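Q: Handing over work-v1.cif, mmCIF, C-alpha atoms.
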data_my_file
#
loop_
_atom_site.label_atom_id
_atom_site.label_comp_id
_atom_site.auth_asym_id
_atom_site.auth_seq_id
_atom_site.Cartn_x
_atom_site.Cartn_y
_atom_site.Cartn_z
CA MET A 1 164.78 116.60 117.95
CA ALA A 2 161.71 114.36 118.02
CA GLU A 3 163.65 111.61 119.81
CA GLU A 4 164.62 114.00 122.59
CA PHE A 5 161.00 115.07 123.05
CA VAL A 6 159.82 111.47 123.21
CA ARG A 7 162.58 110.59 125.71
CA GLU A 8 161.55 113.49 127.92
CA LYS A 9 157.82 112.75 127.61
CA PRO A 10 157.32 109.07 126.72
CA ASP A 11 153.55 109.34 127.21
CA ALA A 12 153.17 112.30 124.82
CA THR A 13 150.31 112.30 122.33
CA ARG A 14 150.55 113.01 118.64
CA GLU A 15 149.10 116.46 119.13
CA GLU A 16 151.78 117.33 121.69
CA LEU A 17 154.51 116.07 119.37
CA ALA A 18 153.06 118.04 116.47
CA GLY A 19 152.89 121.14 118.67
CA TYR A 20 156.54 120.70 119.67
CA LEU A 21 157.82 120.09 116.13
CA GLY A 22 155.62 122.62 114.39
CA LYS A 23 153.57 122.34 111.23
CA PRO A 24 154.52 119.46 108.92
CA GLU A 25 154.99 121.84 105.99
CA GLU A 26 157.50 123.93 107.94
CA LEU A 27 159.31 120.83 109.16
CA ALA A 28 159.56 119.47 105.61
CA ARG A 29 160.81 122.84 104.32
CA GLU A 30 163.50 122.94 107.03
CA LEU A 31 164.57 119.40 106.19
CA LEU A 32 164.84 120.22 102.49
CA GLU A 33 166.97 123.24 103.30
CA THR A 34 169.49 120.99 105.07
CA LEU A 35 169.97 118.79 102.00
CA GLU A 36 172.53 119.54 99.33
CA PRO A 37 171.11 121.23 96.22
CA GLU A 38 172.86 118.67 94.01
CA ALA A 39 171.11 115.81 95.83
CA LEU A 40 167.74 117.50 95.39
CA GLU A 41 168.42 118.09 91.71
CA ARG A 42 169.42 114.42 91.21
CA TYR A 43 166.23 113.33 92.96
CA ARG A 44 164.08 115.60 90.81
CA LYS A 45 165.77 114.45 87.59
CA ARG A 46 165.39 110.81 88.57
CA LYS A 47 161.74 111.30 89.46
CA LYS A 48 161.09 113.10 86.16
CA PHE A 49 162.94 110.37 84.22
CA LEU A 50 160.97 107.59 85.92
CA SER A 51 157.63 109.32 85.40
CA ARG A 52 158.39 109.95 81.73
CA GLY A 53 159.51 106.33 81.39
CA CYS A 54 156.23 105.10 82.88
CA VAL A 55 154.26 107.30 80.51
CA ALA A 56 156.30 106.00 77.55
CA VAL A 57 155.74 102.37 78.56
CA LEU A 58 152.00 102.94 78.98
CA ALA A 59 151.81 104.70 75.62
CA ALA A 60 153.69 101.84 73.92
CA ALA A 61 151.38 99.30 75.55
CA LEU A 62 148.33 101.25 74.39
CA ILE A 63 149.68 101.38 70.84
CA CYS A 64 150.39 97.63 70.84
CA VAL A 65 146.94 96.74 72.17
CA SER A 66 145.30 99.08 69.65
CA ALA A 67 147.27 97.55 66.78
CA TRP A 68 146.37 94.07 67.96
CA PHE A 69 142.69 95.03 68.15
CA VAL A 70 142.72 96.58 64.66
CA TYR A 71 144.47 93.52 63.24
CA PHE A 72 141.91 91.10 64.62
CA TRP A 73 139.06 93.41 63.68
CA SER A 74 140.20 93.62 60.06
CA ILE A 75 141.03 90.00 59.27
CA THR A 76 138.31 87.89 57.70
CA LEU A 77 137.60 84.55 59.20
CA ASP A 78 136.66 81.62 57.00
CA VAL A 79 133.49 80.26 58.46
CA GLU A 80 131.98 77.06 57.12
CA VAL A 81 128.39 76.43 58.05
CA THR A 82 127.15 72.91 57.71
CA GLU A 83 123.74 71.73 58.64
CA THR A 84 122.57 68.16 58.76
CA THR A 85 118.90 67.50 58.40
CA ILE A 86 117.70 64.12 59.53
CA ILE A 87 114.42 62.93 58.11
CA TYR A 88 112.67 60.15 59.93
CA ARG A 89 110.03 58.19 58.13
CA GLU A 90 106.74 57.90 59.86
CA PHE A 91 106.32 54.91 62.04
CA THR A 92 103.45 52.72 61.08
CA GLU A 93 102.41 49.68 63.03
CA GLY A 94 102.69 47.24 60.18
CA THR A 95 106.16 48.12 59.03
#
Kindly present the structure from the file in structure tokens form.

A:
Amino acid sequence: MAEEFVREKPDATREELAGYLGKPEELARELLETLEPEALERYRKRKKFLSRGCVAVLAAALICVSAWFVYFWSITLDVEVTETTIIYREFTEGT
């Protein structure tokens, strides 16, 4: 359909092509009507499965990062503070 139009008018603009084909929503609806219902259902199930899988992975990652944060927040670190004070005796010319 679009190929025929472009062959007939190779210098056509996008607006002319859109006018020939119709609105994109109508074109998409017509295309979906030509597909088998089983194929559409498989696509929808796959899309739903993948989106739920992504949400599950993100939730698991959030739980792991939260647990890691809580663990490091709650542990006590042994800190040893040592200070060295150096005392210099006063310099006198005779000594």

Q: Can you work out the spacing between CA of Val6 (chain A) and CA of Glu33 (chain A) in Å, to one decimal?

A: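 Value for the CA of Val6 (chain A)-CA of Glu33 (chain A) distance: 24.2 Å.
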
Q: Taking only C-alpha atoms into account, which of A:Ile75, A:Ala39, A:Ala2, A:Arg14 comes nearest Leu27 (chain A)?

A: A:Ala2

Q: Taking the file as shown, what set of residues would the PyMOL selection byres ((chain A and resi 21) around 12) give back, as a PDB file with C-alpha atoms, in the coordinates of the input?

A:
ATOM      1  CA  MET A   1     164.780 116.600 117.950  1.00  0.00           C
ATOM      2  CA  ALA A   2     161.710 114.360 118.020  1.00  0.00           C
ATOM      3  CA  GLU A   3     163.650 111.610 119.810  1.00  0.00           C
ATOM      4  CA  GLU A   4     164.620 114.000 122.590  1.00  0.00           C
ATOM      5  CA  PHE A   5     161.000 115.070 123.050  1.00  0.00           C
ATOM      6  CA  VAL A   6     159.820 111.470 123.210  1.00  0.00           C
ATOM      7  CA  ARG A  14     150.550 113.010 118.640  1.00  0.00           C
ATOM      8  CA  GLU A  15     149.100 116.460 119.130  1.00  0.00           C
ATOM      9  CA  GLU A  16     151.780 117.330 121.690  1.00  0.00           C
ATOM     10  CA  LEU A  17     154.510 116.070 119.370  1.00  0.00           C
ATOM     11  CA  ALA A  18     153.060 118.040 116.470  1.00  0.00           C
ATOM     12  CA  GLY A  19     152.890 121.140 118.670  1.00  0.00           C
ATOM     13  CA  TYR A  20     156.540 120.700 119.670  1.00  0.00           C
ATOM     14  CA  GLY A  22     155.620 122.620 114.390  1.00  0.00           C
ATOM     15  CA  LYS A  23     153.570 122.340 111.230  1.00  0.00           C
ATOM     16  CA  PRO A  24     154.520 119.460 108.920  1.00  0.00           C
ATOM     17  CA  GLU A  25     154.990 121.840 105.990  1.00  0.00           C
ATOM     18  CA  GLU A  26     157.500 123.930 107.940  1.00  0.00           C
ATOM     19  CA  LEU A  27     159.310 120.830 109.160  1.00  0.00           C
ATOM     20  CA  ALA A  28     159.560 119.470 105.610  1.00  0.00           C
ATOM     21  CA  GLU A  30     163.500 122.940 107.030  1.00  0.00           C
TER      22      GLU A  30
END

Q: Mind completing region 72-86 of chain A with N, CA and C atoms? Output as a CSV table (one decimal), keeping the file's coordinate frame, please?

A:
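For reference, selection_16.csv as written:
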chain,number,residue,atom,x,y,z
A,72,PHE,N,142.9,92.1,64.5
A,72,PHE,CA,141.9,91.1,64.6
A,72,PHE,C,140.5,91.6,64.2
A,73,TRP,N,140.3,92.9,64.2
A,73,TRP,CA,139.1,93.4,63.7
A,73,TRP,C,139.0,93.3,62.2
A,74,SER,N,140.2,93.5,61.5
A,74,SER,CA,140.2,93.6,60.1
A,74,SER,C,140.3,92.3,59.3
A,75,ILE,N,140.9,91.3,60.0
A,75,ILE,CA,141.0,90.0,59.3
A,75,ILE,C,139.7,89.3,59.1
A,76,THR,N,139.6,88.6,58.0
A,76,THR,CA,138.3,87.9,57.7
A,76,THR,C,138.5,86.4,58.1
A,77,LEU,N,137.5,85.9,58.7
A,77,LEU,CA,137.6,84.6,59.2
A,77,LEU,C,136.8,83.7,58.3
A,78,ASP,N,137.4,82.6,57.8
A,78,ASP,CA,136.7,81.6,57.0
A,78,ASP,C,135.8,80.8,57.9
A,79,VAL,N,134.5,81.0,57.7
A,79,VAL,CA,133.5,80.3,58.5
A,79,VAL,C,132.7,79.3,57.5
A,80,GLU,N,132.7,78.1,57.9
A,80,GLU,CA,132.0,77.1,57.1
A,80,GLU,C,130.8,76.6,57.9
A,81,VAL,N,129.6,76.8,57.4
A,81,VAL,CA,128.4,76.4,58.0
A,81,VAL,C,127.9,75.2,57.4
A,82,THR,N,127.7,74.2,58.2
A,82,THR,CA,127.2,72.9,57.7
A,82,THR,C,126.0,72.6,58.6
A,83,GLU,N,124.9,72.2,57.9
A,83,GLU,CA,123.7,71.7,58.6
A,83,GLU,C,123.4,70.3,58.2
A,84,THR,N,123.0,69.5,59.1
A,84,THR,CA,122.6,68.2,58.8
A,84,THR,C,121.1,68.0,59.1
A,85,THR,N,120.3,67.7,58.2
A,85,THR,CA,118.9,67.5,58.4
A,85,THR,C,118.6,66.0,58.4
A,86,ILE,N,118.0,65.5,59.4
A,86,ILE,CA,117.7,64.1,59.5
A,86,ILE,C,116.2,64.0,59.3
